[in-house]
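Source file coords19.txt; content: compact mmCIF, C-alpha atoms.
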# COMPACT_ATOMS: atom_id res chain seq x y z
CA MET O 736 0.00 0.00 0.00
CA VAL O 737 1.35 3.39 -0.94
CA PHE O 738 0.92 6.25 1.52
CA THR O 739 1.13 9.78 0.27
CA LYS O 740 2.87 12.50 2.24
CA ARG O 741 -0.48 14.20 2.92
CA TYR O 742 -1.97 11.08 4.56
CA ILE O 743 1.10 10.53 6.72
CA ILE O 744 1.13 14.17 7.84
CA ALA O 745 -2.62 14.02 8.54
CA ALA O 746 -2.20 10.89 10.67
CA VAL O 747 0.66 12.42 12.65
CA ALA O 748 -1.29 15.66 13.13
CA ALA O 749 -4.38 13.76 14.28
CA ALA O 750 -2.34 11.74 16.76
CA PHE O 751 -0.73 14.93 18.09
CA VAL O 752 -4.07 16.74 18.47
CA VAL O 753 -5.69 13.91 20.44
CA GLY O 754 -2.60 13.35 22.57
CA GLY O 755 -1.29 10.18 20.94
CA LEU O 756 2.15 11.65 20.34
CA SER O 757 4.27 13.67 22.69
CA ALA O 758 5.56 16.98 21.46
CA PRO O 759 9.25 17.82 21.24
CA ALA O 760 10.51 19.81 24.20
CA ALA O 761 10.34 23.07 22.24
CA LEU O 762 6.61 22.58 21.63
CA ALA O 763 5.76 20.93 24.93
CA ALA O 764 7.14 23.82 26.96
CA PRO O 765 6.91 26.92 24.78
CA ASP O 766 8.56 30.10 25.95
CA ALA O 767 6.52 33.01 27.27
CA ALA O 768 6.28 34.57 23.81
CA HIS O 769 4.32 31.57 22.55
CA THR O 770 2.00 30.78 25.47
CA SER O 771 -0.77 33.23 24.62
CA PRO O 772 -1.98 35.04 21.52
CA PRO O 773 -0.40 38.40 20.84
CA ALA O 774 -2.19 41.04 22.90
CA THR O 775 -1.96 43.55 20.05
CA ALA O 776 -3.71 41.38 17.45
CA ASP O 777 -7.14 42.88 16.75
CA GLN O 778 -8.68 39.48 16.10
CA PHE O 779 -8.01 38.34 19.68
CA GLN O 780 -9.27 41.42 21.51
CA GLY O 781 -12.56 41.17 23.34
CA ALA O 782 -12.85 37.39 23.26
CA GLU O 783 -15.18 35.96 25.87
CA LEU O 784 -14.19 32.33 26.31
CA ASP O 785 -16.15 29.69 28.21
CA ASN O 786 -14.22 26.40 28.65
CA LEU O 787 -11.97 27.38 25.73
CA SER O 788 -8.36 28.53 25.56
CA TRP O 789 -6.11 29.79 22.79
CA THR O 790 -3.54 27.24 21.69
CA PRO O 791 -0.67 27.51 19.20
CA VAL O 792 -0.88 25.03 16.33
CA PRO O 793 2.29 24.46 14.29
CA THR O 794 1.83 24.90 10.55
CA MET O 795 3.35 22.77 7.82
CA GLY O 796 5.33 25.86 6.80
CA GLY O 797 7.03 26.09 10.19
CA GLY O 798 4.94 28.90 11.64
CA ILE O 799 2.24 28.99 14.29
CA ILE O 800 -1.45 29.78 13.99
CA TRP O 801 -3.70 30.37 16.98
CA MET O 802 -6.80 28.24 17.44
CA LEU O 803 -9.27 27.59 20.21
CA ARG O 804 -9.25 24.33 22.17
CA VAL O 805 -11.76 22.97 24.67
CA SER O 806 -10.00 23.53 28.01
CA SER O 807 -11.35 20.80 30.25
CA ASP O 808 -13.29 17.57 30.09
CA PRO O 809 -17.01 18.43 29.88
CA ASN O 810 -17.93 15.07 31.52
CA VAL O 811 -20.66 14.11 29.05
CA GLU O 812 -22.34 10.76 28.58
CA PRO O 813 -20.72 8.64 25.83
CA GLY O 814 -22.40 8.24 22.47
CA GLY O 815 -22.45 11.76 21.06
CA LEU O 816 -20.22 13.87 18.85
CA TYR O 817 -18.71 17.32 19.30
CA PHE O 818 -19.68 19.87 16.64
CA LEU O 819 -19.69 23.64 16.14
CA TYR O 820 -22.97 25.53 16.30
CA ASN O 821 -23.93 29.11 15.40
CA PRO O 822 -26.83 30.18 17.67
CA ASP O 823 -27.40 33.35 15.59
CA THR O 824 -28.47 31.26 12.60
CA SER O 825 -29.54 28.16 14.57
CA SER O 826 -27.29 26.01 12.43
CA VAL O 827 -24.39 23.60 12.63
CA SER O 828 -21.53 25.68 11.30
CA GLY O 829 -17.77 25.32 11.12
CA LYS O 830 -15.21 22.55 11.33
CA PHE O 831 -12.58 21.31 13.72
CA ALA O 832 -8.92 21.38 12.71
CA VAL O 833 -6.62 18.41 12.43
CA GLY O 834 -3.28 20.14 12.06
CA ASP O 835 -3.38 23.35 10.08
CA ASP O 836 -4.83 22.06 6.81
CA ILE O 837 -7.46 19.34 7.43
CA ARG O 838 -10.97 20.16 8.65
CA VAL O 839 -13.65 17.77 9.96
CA ARG O 840 -17.28 18.51 10.91
CA THR O 841 -17.36 16.38 14.07
CA VAL O 842 -14.97 14.80 16.56
CA SER O 843 -15.65 12.17 19.22
CA ASP O 844 -12.99 13.27 21.72
CA TRP O 845 -13.16 16.63 23.52
CA GLN O 846 -9.36 16.94 23.27
CA ALA O 847 -9.67 16.98 19.46
CA ALA O 848 -12.13 19.90 19.58
CA VAL O 849 -9.71 22.49 18.16
CA PHE O 850 -10.94 25.18 15.79
CA ALA O 851 -10.18 28.56 14.30
CA PRO O 852 -13.29 30.72 14.49
CA GLY O 853 -14.35 32.27 11.23
CA LEU O 854 -12.39 30.03 8.86
CA ASP O 855 -15.46 28.18 7.64
CA GLY O 856 -18.11 30.61 6.48
CA PRO O 857 -19.21 34.01 7.64
CA HIS O 858 -18.16 35.32 11.02
CA ALA O 859 -20.63 34.87 13.82
CA ARG O 860 -21.06 36.79 17.06
CA ARG O 861 -20.96 33.52 19.00
CA THR O 862 -19.78 30.00 18.26
CA GLU O 863 -20.62 27.09 20.55
CA VAL O 864 -19.04 23.68 20.87
CA ARG O 865 -21.93 21.28 21.40
CA TYR O 866 -22.04 17.60 22.28
CA GLY O 867 -24.78 15.31 21.05
CA ASP O 868 -26.35 14.57 17.68
CA PRO O 869 -25.49 17.11 14.95
CA GLN O 870 -28.80 16.16 13.27
CA ASN O 871 -30.62 17.41 16.39
CA PRO O 872 -28.48 20.36 17.59
CA GLY O 873 -31.24 21.83 19.74
CA ALA O 874 -31.05 18.83 22.07
CA ALA O 875 -27.25 18.89 22.22
CA GLN O 876 -25.37 20.13 25.28
CA VAL O 877 -23.28 23.33 25.05
CA VAL O 878 -19.84 22.45 26.44
CA ALA O 879 -17.85 25.55 25.39
CA SER O 880 -18.32 28.86 23.60
CA VAL O 881 -16.58 31.96 22.26
CA THR O 882 -18.29 35.33 21.85
CA ASN O 883 -16.87 38.15 19.73
CA GLY O 884 -13.47 36.50 19.83
CA TRP O 885 -12.32 37.29 16.32
CA ILE O 886 -14.43 40.14 15.00
CA SER O 887 -12.71 43.53 14.88
CA GLN O 888 -15.36 46.11 15.70
Written form, C-alpha cells:
Amino acid sequence: MVFTKRYIIAAVAAAFVVGGLSAPAALAAPDAAHTSPPATADQFQGAELDNLSWTPVPTMGGGIIWMLRVSSDPNVEPGGLYFLYNPDTSSVSGKFAVGDDIRVRTVSDWQAAVFAPGLDGPHARRTEVRYGDPQNPGAAQVVASVTNGWISQ
C-alpha cells in the first residue's frame, strides 16, 4: 500500500491533536512569547471564552497559527459527537482542525475539539461547541463557547 505525504502528515497531526504523540521539548514547553496570543492582534481582543483557551498550532510551513481548544473535560455521557454551532443562525456551522490544513465537521474526543473561528463561512457573534447529535443540535449540550473573539469592531 502506498501512503502519500499528505496522509502521513494528517495521521501524525491527528495523533498529536488527540494526545497520541508527545511533542518535542520546544513545543511541549513553549517560551513566554508563545503561550498566549499576541495582545496587540485585533482578532483576539474582546474574546469571551467559556471552557476554551487559545492554543498555538504548528503549521506545515514552520509557523504557528492560533486556534481555540476545549479547556477541560465536559464530563458528558458517551455516544455523542462534538460539533460547532452558530446560535445566531440556529445552524451547525464550522469545522474542527486536524493540524493546520485538514478540517472535519465532528470529533468524538473533547481533546480533538480544536478550531479557528471564522475560517469556515461568515463570522458569527458567538460559536458554541456542542455535544450530542449534529442532526438534532437543539437537544445537544453546550460544552464551550466563544463570543466576539475574532471580529474587529
**Prompt:** Could you work out how far CA of Ile800 (chain O) lies from CA of Ala851 (chain O), giving the answer in Å with one decimal?
**Reply:**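 Taking CA of Ala851 (chain O) as the start and CA of Ile800 (chain O) as the end point, the length is 8.8 Å.
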**Message:** Just checking: using all atoms listed in the file, which residue out of O:Ala832, O:Ile837, O:Ala874, O:Val881 ends up closest to Arg861 (chain O)?
**Reply:** O:Val881
**Asked** How many Å separate CA of Gly814 (chain O) from CA of Gly873 (chain O)?
**Response**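 Interatomic distance here is 16.4 Å.
When only C-alpha atoms are used to measure the gap to Asp808 (chain O), the shortest distance among O:Pro872, O:Leu787, O:Lys830, O:Asp835 belongs to O:Leu787.
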**Prompt:** Rounded to one decimal in Å, what is the spacing between CA of Ser828 (chain O) and CA of Thr790 (chain O)?
**Reply:**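 Those two atoms sit 20.8 Å apart.
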**Message:** Counting only C-alpha atoms, which residue out of O:Gly829, O:Ile799, O:Val811, O:Thr882 sits closest to Arg860 (chain O)?
**Reply:**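 Of the candidates, the smallest distance to Arg860 (chain O) is held by O:Thr882.
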Residues at most 9 Å from Val842 (chain O), counting all atoms listed in the file, excluding those fewer than 5 positions away in the same chain, as a PDB file with C-alpha atoms, in the coordinates of the input?
ATOM      1  CA  LEU O 816     -20.220  13.870  18.850  1.00  0.00           C
ATOM      2  CA  TYR O 817     -18.710  17.320  19.300  1.00  0.00           C
ATOM      3  CA  PHE O 818     -19.680  19.870  16.640  1.00  0.00           C
ATOM      4  CA  PHE O 831     -12.580  21.310  13.720  1.00  0.00           C
ATOM      5  CA  ALA O 847      -9.670  16.980  19.460  1.00  0.00           C
ATOM      6  CA  ALA O 848     -12.130  19.900  19.580  1.00  0.00           C
TER       7      ALA O 848
END
**Asked** With all atoms listed in the file as the atoms that count, which of O:Gly834, O:Ser826, O:Trp845, O:Glu863 lies nearest to Met802 (chain O)?
**Response**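 Among O:Gly834, O:Ser826, O:Trp845, O:Glu863, it is O:Gly834 that comes nearest to Met802 (chain O).
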**Residue nearest Thr841 (chain O) among O:Ser880, O:Gln870, O:Ser788, O:Ser806 (counting all atoms listed in the file)** =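 Of O:Ser880, O:Gln870, O:Ser788, O:Ser806, the one nearest Thr841 (chain O) is O:Gln870, counting all atoms listed in the file.
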**Request:** Pick out the closest residue to Gly867 (chain O) from this set: O:Ser807, O:Ser843, O:Asn883, O:Asn821. Count all atoms listed in the file.
**Result:** O:Ser843
